[in-house]
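Okay, structure first, notes after.
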Amino acid sequence: MDRTPVSDADVCIVGAGPAGGIVAHRLAESGASVVVLEAGPRFDGDRREQLERHIRPGLGGPWEMGGPRDAFSSSGESFYPLNAARVKGVGGTTLHWQGMVMRLHERDFELDARHGVGADWPIGYDDLRPYYAAAERELGVAGAADNPYAPPRDEPYPLPAFRPSHSDSIFAEACERLGIDMHSVGNARNSEPYDGRSPCVGYGTCKPVCPSGAKYTAESHVEKAEAAGARVIDRARVRRLEHDAAGERVVAAAYTTPDGETHRQTATQFVLACGGVENVRLLLLSDSDRYPDGLANSSGAVGRYFMDHLFAGAGGRLDRPTRQNHVGFNTSECHQFYDDADPVNGLKLEFLNYAGPSPVIDALHADTWGDDLRDQLDERYGTHVSMGALVEQLPREDNYVGLDPETTDDLGDPVPEIHWSVGERTRAALSRANEIQTRVLDELGVEDRWTVGSDETGPAYHHMGTTRMGDDPESSVVDADCRAHDLGNLWISGSSVFPTGGAMNPTLTIAALSVRLAESLRAELG
């Protein structure tokens, strides 16, 4: 592939995930000359189909993460498993996501004003409301307006919601008796044909891969961008952004190709869209005399306030069929305990559709064969239920992404260091989620219990907050339009600009902000 720079580019975008793909498509469609530089490969169809034939639940995926290219270090009280959380490649982390999409609540934009914790966004829910609707159309969201706790909306979802799963109906019996509301949840997974993709056929492996193509991945926006004239260069690892003598504008992105060649991509405007970790790493690697602490970092906030969602869960076994692993991650949720709670951290409950052991994994590790194996699988499979919860982590300055100068990648650049800890307020919210889950499981009479609580919790792999937006250049990295305070032609797209993370999966908000950023950039280009 020709990986040489594009001459006379209007916009250079670093990263080909949902943020970069949406911005690239919107700008290319408006006539701008767009080039996208992606560090990872393009997973072509033939190779992907070959890999999918070997995919089984729980056996990992084909996304080539790990090794010297993806080295990292972890510090702080809690180990952060970074490479389990991301994919480098055309499509980004949507290549292996579960596809859950919902809007942040109104309180998420006003957390400090309402509760005296966290931070306020420089924009409110009403500012993002029309862009949320556009993002739902871009991703193809299946949902229903049956959630009484959701923020207001002006139009229906593009696709009808998925019907509640069989285990959802089991949970509904207990929740009705306990006064706990259940409602549908938005899925970026086709419930009927949409945007050239098939409907879901219930293969049950949304993560690591959707064989039918029903689940949205950013590959679709990258393809649309290319059809509109954008150029996408894969395996182009941007290692530094260069600025002009005054330090007011970025002039080039320096990148290395697989053959060891280094190129400089010039452009009028630059967009960072490579995630909450790599956005930071690139800015810190781009230090200079003008920016000794990293590009666009006069505030010292680059890398600070790293957030993720925490997981709380509980489950066990019922003496009845539950029919697991036939539909996506979850089809029903509960946002009843999200707003105005104590502790203040938002939480949403999930009724999961993949409880219990996988028959394939059990069979691969069994000591028996034939009828005995069949009987063993019949006994173990399809009688489990489980609940999950996402819990909000409030922004803390001492949770950060930095550079580890003692460890370098295969090109000799310092690797990212993740310094991450879970505070007592968050642990209290995790315990609260477990208490609600326990009430539901008690009501159902679930046996052989397991619980993931504050001591066992781990991240949900949603990187947020490391280049936060704000009105004050002394305490934030980008303004309300996602433009860097320090450089007039540098924009940052993605969840790294979130001042707070709420407890909602971030991709729909990433998409909404990307649509909004593209609109601002289009006006800038004239």
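By order in the structure tokens, chains are A, B, ...; within a chain, residues start at 1; ligands start at 1, following the order shown.
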**OP:** From a DSSP pass on the backbone, collect the residues of stretch 140-341 of chain A flagged as strand (DSSP E or B) and hand them back as a count of residues only.
**Re:** 52
**OP:** From a DSSP pass on the backbone, collect the residues of stretch 335-513 of chain A flagged as alpha helix (DSSP H) and hand them back as a ChimeraX atom specification.
**Re:** /A:359-365,370-380,424-444,507-513
With a cut-off of 12 Å, could you pull out the residues of stretch 210-270 of chain A touching stretch 63-81 of chain A and give me the nearest pair of atoms for each, distance in Å to one decimal, using only C-alpha atoms, ordered by chain and ascending number, as CSV?
residue,atom,partner,partner_atom,distance
A:Arg235,CA,A:Arg69,CA,11.3
A:Arg237,CA,A:Arg69,CA,10.0
A:Pro258,CA,A:Arg69,CA,11.6
**OP:** In Å, rounded to a single decimal, give me how far atom CA of A:Ala460 is from atom CA of A:Gly328.
**Re:** 16.7 Å
Per residue of stretch 214-249 of chain A within 8 Å of stretch 179-195 of chain A, which atom pair is closest and at what distance in Å (one decimal), using only C-alpha atoms, listed by chain and increasing number, as a tab-separated table?
residue	atom	partner	partner_atom	distance
A:Ala214	CA	A:Asn190	CA	5.1
A:Lys215	CA	A:Arg189	CA	4.1
A:Tyr216	CA	A:Ala188	CA	5.6
How about saving the chosen residues, all heavy atoms kept, as a short mmCIF file (atom, residue, chain, number, x, y, z; two decimals), in the first residue's frame?
data_model
loop_
_atom_site.label_atom_id
_atom_site.label_comp_id
_atom_site.auth_asym_id
_atom_site.auth_seq_id
_atom_site.Cartn_x
_atom_site.Cartn_y
_atom_site.Cartn_z
N ALA A 214 -24.13 -7.41 11.95
CA ALA A 214 -25.26 -6.62 12.45
C ALA A 214 -24.83 -5.54 13.42
O ALA A 214 -25.46 -4.48 13.50
CB ALA A 214 -26.27 -7.55 13.13
N LYS A 215 -23.76 -5.79 14.16
CA LYS A 215 -23.27 -4.82 15.13
C LYS A 215 -22.48 -3.73 14.42
O LYS A 215 -21.68 -4.01 13.53
CB LYS A 215 -22.39 -5.53 16.16
CG LYS A 215 -21.88 -4.65 17.28
CD LYS A 215 -20.91 -5.40 18.18
CE LYS A 215 -19.60 -5.70 17.45
NZ LYS A 215 -18.58 -6.30 18.34
N TYR A 216 -22.70 -2.48 14.83
CA TYR A 216 -21.96 -1.36 14.24
C TYR A 216 -20.48 -1.46 14.58
O TYR A 216 -20.10 -1.75 15.72
CB TYR A 216 -22.50 -0.02 14.75
CG TYR A 216 -21.57 1.14 14.42
CD1 TYR A 216 -21.64 1.77 13.19
CD2 TYR A 216 -20.61 1.57 15.33
CE1 TYR A 216 -20.78 2.82 12.87
CE2 TYR A 216 -19.74 2.61 15.03
CZ TYR A 216 -19.83 3.23 13.79
OH TYR A 216 -18.97 4.25 13.48
#
Original post:
Near stretch 28-41 of chain A, within 7 Å and counting only C-alpha atoms, which residues show up once chain neighbours fewer than 3 positions away are dropped, as a VMD selection string?
Top reply: chain A and resid 6 9 to 16 24 to 25 88 to 90 225 228 to 238
**OP:** Considering only C-alpha atoms, return as a VMD selection string whatever protein or nucleic-acid residues lie within 8 Å of stretch 301-308 of chain A, sequence-local ones (same chain, fewer than 3 positions apart) excluded.
**Re:** chain A and resid 277 280 283 to 284 294 296 to 298 392 to 402 420 459 to 468 475 to 477 500 to 501
Original post:
Could you name the residues that touch A:Asn325 at 6 Å or less, counting only C-alpha atoms, but leaving out those on the same chain fewer than 5 positions away, as a PyMOL selection string?
Top reply: chain A and resi 204+353-354
Prev. selection, all heavy atoms, output as a compact mmCIF listing (two decimals), in the first residue's frame:
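Once written, result-v5.txt looks like this:
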# COMPACT_ATOMS: atom_id res chain seq x y z
N GLY A 204 -24.23 -14.65 19.37
CA GLY A 204 -23.83 -14.63 20.77
C GLY A 204 -22.39 -14.30 21.04
O GLY A 204 -21.91 -14.50 22.15
N ASN A 353 -27.30 -11.37 29.49
CA ASN A 353 -27.76 -12.49 28.66
C ASN A 353 -26.68 -13.53 28.38
O ASN A 353 -26.80 -14.30 27.45
CB ASN A 353 -28.29 -11.96 27.31
CG ASN A 353 -29.56 -11.14 27.47
OD1 ASN A 353 -30.39 -11.43 28.32
ND2 ASN A 353 -29.69 -10.11 26.65
N TYR A 354 -25.63 -13.54 29.19
CA TYR A 354 -24.56 -14.51 28.92
C TYR A 354 -24.09 -15.17 30.21
O TYR A 354 -22.92 -15.47 30.38
CB TYR A 354 -23.39 -13.82 28.20
CG TYR A 354 -22.71 -12.73 28.99
CD1 TYR A 354 -21.55 -13.00 29.71
CD2 TYR A 354 -23.22 -11.44 29.01
CE1 TYR A 354 -20.93 -12.01 30.45
CE2 TYR A 354 -22.60 -10.45 29.74
CZ TYR A 354 -21.45 -10.74 30.46
OH TYR A 354 -20.84 -9.75 31.20
**OP:** Kindly indicate which residue among A:Ala142, A:Val271, A:Leu521, A:Leu282 lies nearest to A:Arg163, using only C-alpha atoms for the distances.
**Re:** A:Ala142
Subject >> A:Ala254 surroundings by only C-alpha atoms, 10 Å radius, close-in-sequence under 3 positions cut, as a PyMOL selection string >> reply: chain A and resi 5+236-242+251+262-266+286
Env of A:Trp97: 9 Å cut, atoms = only C-alpha atoms, seq-sep filter 4 positions within chain, self excluded. Answer as a CSV table (one decimal) with N, CA and C atoms, in the first residue's frame.
chain,number,residue,atom,x,y,z
A,93,THR,N,-11.8,0.3,18.7
A,93,THR,CA,-12.3,-0.6,19.7
A,93,THR,C,-13.7,-1.0,19.4
A,206,CYS,N,-20.9,-11.1,20.4
A,206,CYS,CA,-20.7,-9.6,20.0
A,206,CYS,C,-19.3,-9.2,20.4
A,207,LYS,N,-18.8,-9.7,21.4
A,207,LYS,CA,-17.4,-9.5,21.8
A,207,LYS,C,-16.8,-10.9,21.9
A,208,PRO,N,-15.8,-11.2,21.0
A,208,PRO,CA,-14.9,-10.4,20.3
A,208,PRO,C,-15.3,-10.0,18.9
A,209,VAL,N,-16.3,-10.7,18.3
A,209,VAL,CA,-16.6,-10.3,16.9
A,209,VAL,C,-18.0,-10.7,16.5
A,217,THR,N,-19.6,-1.2,13.6
A,217,THR,CA,-18.2,-0.9,13.8
A,217,THR,C,-17.9,0.3,13.0
Find the nearest atom pair between each residue of stretch 309-374 of chain A and stretch 427-441 of chain A for residues within 10 Å, count only C-alpha atoms, give distances in Å to one decimal, sort rows by chain and ascending number, and present the table as CSV.
residue,atom,partner,partner_atom,distance
A:Leu310,CA,A:Leu430,CA,7.7
A:Phe311,CA,A:Leu430,CA,7.6
A:Ala312,CA,A:Leu430,CA,5.8
A:Gly313,CA,A:Asn434,CA,6.7
A:Ala314,CA,A:Gln437,CA,6.4
A:Gly315,CA,A:Leu441,CA,7.2
A:Gly316,CA,A:Leu441,CA,8.1
A:Arg317,CA,A:Leu441,CA,9.7
A:Leu318,CA,A:Leu441,CA,9.7
A:Phe337,CA,A:Ala433,CA,8.9
A:Ala341,CA,A:Ala429,CA,9.4
A:Asp342,CA,A:Ala429,CA,7.9
A:Pro343,CA,A:Ala429,CA,5.9
A:Val344,CA,A:Ala429,CA,7.9
A:Asn345,CA,A:Ala429,CA,6.3
A:Gly346,CA,A:Ala429,CA,8.0
A:Leu347,CA,A:Ala433,CA,7.3
A:Lys348,CA,A:Ala433,CA,8.4
A:Leu349,CA,A:Ala433,CA,7.6
A:Glu350,CA,A:Gln437,CA,9.7
A:Phe351,CA,A:Gln437,CA,9.8
File dump, residues just selected, all heavy atoms, as a compact mmCIF listing (two decimals), in the first residue's frame:
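The result, stored in part_20.txt:
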# COMPACT_ATOMS: atom_id res chain seq x y z
N LEU A 310 -16.66 1.27 36.74
CA LEU A 310 -16.38 0.07 37.53
C LEU A 310 -17.54 -0.91 37.40
O LEU A 310 -18.68 -0.50 37.23
CB LEU A 310 -16.18 0.43 39.00
CG LEU A 310 -14.83 1.02 39.40
CD1 LEU A 310 -13.70 0.07 39.05
CD2 LEU A 310 -14.59 2.37 38.79
N PHE A 311 -17.22 -2.19 37.51
CA PHE A 311 -18.23 -3.23 37.34
C PHE A 311 -18.59 -3.84 38.69
O PHE A 311 -17.71 -4.17 39.49
CB PHE A 311 -17.71 -4.34 36.41
CG PHE A 311 -18.68 -5.48 36.24
CD1 PHE A 311 -19.76 -5.36 35.38
CD2 PHE A 311 -18.51 -6.66 36.94
CE1 PHE A 311 -20.67 -6.41 35.23
CE2 PHE A 311 -19.40 -7.72 36.79
CZ PHE A 311 -20.48 -7.60 35.93
N ALA A 312 -19.88 -3.98 38.92
CA ALA A 312 -20.39 -4.76 40.05
C ALA A 312 -21.31 -5.83 39.46
O ALA A 312 -22.08 -5.55 38.54
CB ALA A 312 -21.15 -3.88 41.03
N GLY A 313 -21.25 -7.03 40.00
CA GLY A 313 -22.07 -8.09 39.43
C GLY A 313 -22.44 -9.15 40.46
O GLY A 313 -21.79 -9.27 41.51
N ALA A 314 -23.48 -9.89 40.16
CA ALA A 314 -23.91 -10.99 41.01
C ALA A 314 -24.72 -11.95 40.17
O ALA A 314 -25.41 -11.56 39.21
CB ALA A 314 -24.72 -10.49 42.21
N GLY A 315 -24.67 -13.22 40.51
CA GLY A 315 -25.43 -14.20 39.77
C GLY A 315 -25.41 -15.55 40.45
O GLY A 315 -24.90 -15.70 41.57
N GLY A 316 -25.94 -16.53 39.76
CA GLY A 316 -25.99 -17.87 40.30
C GLY A 316 -26.85 -18.76 39.42
O GLY A 316 -27.04 -18.49 38.23
N ARG A 317 -27.40 -19.79 40.05
CA ARG A 317 -28.08 -20.84 39.29
C ARG A 317 -29.53 -20.96 39.73
O ARG A 317 -29.86 -20.85 40.91
CB ARG A 317 -27.35 -22.16 39.51
CG ARG A 317 -27.85 -23.30 38.67
CD ARG A 317 -26.89 -24.46 38.76
NE ARG A 317 -27.34 -25.58 37.96
CZ ARG A 317 -26.63 -26.66 37.74
NH1 ARG A 317 -25.41 -26.77 38.26
NH2 ARG A 317 -27.10 -27.66 37.01
N LEU A 318 -30.40 -21.19 38.75
CA LEU A 318 -31.81 -21.44 38.99
C LEU A 318 -32.17 -22.85 38.56
O LEU A 318 -31.56 -23.42 37.65
CB LEU A 318 -32.68 -20.45 38.21
CG LEU A 318 -32.83 -19.03 38.76
CD1 LEU A 318 -33.58 -18.17 37.75
CD2 LEU A 318 -33.57 -19.05 40.09
N PHE A 337 -31.87 3.91 39.76
CA PHE A 337 -31.00 4.28 40.88
C PHE A 337 -29.85 5.18 40.42
O PHE A 337 -28.81 5.24 41.07
CB PHE A 337 -30.46 3.02 41.55
CG PHE A 337 -31.54 2.06 41.95
CD1 PHE A 337 -31.90 1.00 41.13
CD2 PHE A 337 -32.24 2.25 43.13
CE1 PHE A 337 -32.91 0.12 41.48
CE2 PHE A 337 -33.26 1.38 43.50
CZ PHE A 337 -33.60 0.31 42.67
N ALA A 341 -28.71 10.12 44.09
CA ALA A 341 -28.58 8.98 44.97
C ALA A 341 -27.49 9.24 46.01
O ALA A 341 -26.74 10.20 45.94
CB ALA A 341 -28.25 7.73 44.15
N ASP A 342 -27.41 8.34 46.97
CA ASP A 342 -26.36 8.41 47.98
C ASP A 342 -25.73 7.01 48.08
O ASP A 342 -26.42 6.06 48.43
CB ASP A 342 -26.95 8.82 49.33
CG ASP A 342 -25.88 8.95 50.41
OD1 ASP A 342 -24.71 9.17 50.06
OD2 ASP A 342 -26.23 8.82 51.60
N PRO A 343 -24.43 6.87 47.78
CA PRO A 343 -23.51 7.92 47.33
C PRO A 343 -23.89 8.45 45.96
O PRO A 343 -24.65 7.82 45.23
CB PRO A 343 -22.15 7.20 47.30
CG PRO A 343 -22.48 5.76 47.12
CD PRO A 343 -23.78 5.54 47.83
N VAL A 344 -23.32 9.61 45.62
CA VAL A 344 -23.78 10.35 44.46
C VAL A 344 -23.42 9.67 43.14
O VAL A 344 -24.04 9.94 42.10
CB VAL A 344 -23.21 11.78 44.49
CG1 VAL A 344 -21.71 11.77 44.27
CG2 VAL A 344 -23.90 12.68 43.48
N ASN A 345 -22.45 8.77 43.14
CA ASN A 345 -22.01 8.12 41.89
C ASN A 345 -23.19 7.49 41.17
O ASN A 345 -23.96 6.73 41.76
CB ASN A 345 -21.00 7.02 42.18
CG ASN A 345 -19.83 7.49 43.00
OD1 ASN A 345 -20.00 8.01 44.09
ND2 ASN A 345 -18.63 7.30 42.48
N GLY A 346 -23.33 7.81 39.88
CA GLY A 346 -24.38 7.18 39.10
C GLY A 346 -24.13 5.69 38.96
O GLY A 346 -22.99 5.22 38.95
N LEU A 347 -25.22 4.92 38.90
CA LEU A 347 -25.09 3.50 38.59
C LEU A 347 -26.29 3.06 37.78
O LEU A 347 -27.41 3.55 37.95
CB LEU A 347 -24.93 2.65 39.85
CG LEU A 347 -26.12 2.40 40.79
CD1 LEU A 347 -26.98 1.21 40.33
CD2 LEU A 347 -25.62 2.13 42.20
N LYS A 348 -26.04 2.15 36.86
CA LYS A 348 -27.13 1.53 36.09
C LYS A 348 -27.01 0.02 36.23
O LYS A 348 -25.92 -0.55 36.24
CB LYS A 348 -27.11 1.95 34.62
CG LYS A 348 -25.98 1.40 33.78
CD LYS A 348 -26.10 1.91 32.35
CE LYS A 348 -24.97 1.42 31.44
NZ LYS A 348 -25.11 0.03 31.03
N LEU A 349 -28.16 -0.62 36.39
CA LEU A 349 -28.21 -2.07 36.51
C LEU A 349 -28.42 -2.70 35.16
O LEU A 349 -29.18 -2.21 34.32
CB LEU A 349 -29.35 -2.47 37.44
CG LEU A 349 -29.27 -2.00 38.89
CD1 LEU A 349 -30.55 -2.36 39.63
CD2 LEU A 349 -28.07 -2.62 39.59
N GLU A 350 -27.75 -3.83 34.94
CA GLU A 350 -27.84 -4.57 33.68
C GLU A 350 -28.33 -5.99 33.97
O GLU A 350 -27.85 -6.63 34.91
CB GLU A 350 -26.47 -4.63 33.00
CG GLU A 350 -25.86 -3.26 32.73
CD GLU A 350 -24.38 -3.33 32.39
OE1 GLU A 350 -23.70 -4.27 32.88
OE2 GLU A 350 -23.90 -2.46 31.64
N PHE A 351 -29.24 -6.46 33.15
CA PHE A 351 -29.72 -7.84 33.23
C PHE A 351 -29.06 -8.60 32.09
O PHE A 351 -29.42 -8.42 30.92
CB PHE A 351 -31.25 -7.86 33.16
CG PHE A 351 -31.90 -7.06 34.25
CD1 PHE A 351 -32.19 -5.71 34.05
CD2 PHE A 351 -32.17 -7.62 35.48
CE1 PHE A 351 -32.77 -4.95 35.07
CE2 PHE A 351 -32.75 -6.87 36.50
CZ PHE A 351 -33.04 -5.53 36.29
Original post:
Which residue, A:His221, A:Glu333, A:Pro18, A:Leu285, has the smallest gap to A:Cys175 when you use only C-alpha atoms?
Top reply: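 Among A:His221, A:Glu333, A:Pro18, A:Leu285, it is A:Glu333 that comes nearest to A:Cys175.
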**OP:** Can you work out which one of A:Arg3, A:Arg137, A:Arg114, A:Arg26 has the shortest atom-to-atom distance to A:Arg522, counting only C-alpha atoms?
**Re:**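 Of the candidates, the smallest distance to A:Arg522 is held by A:Arg26.
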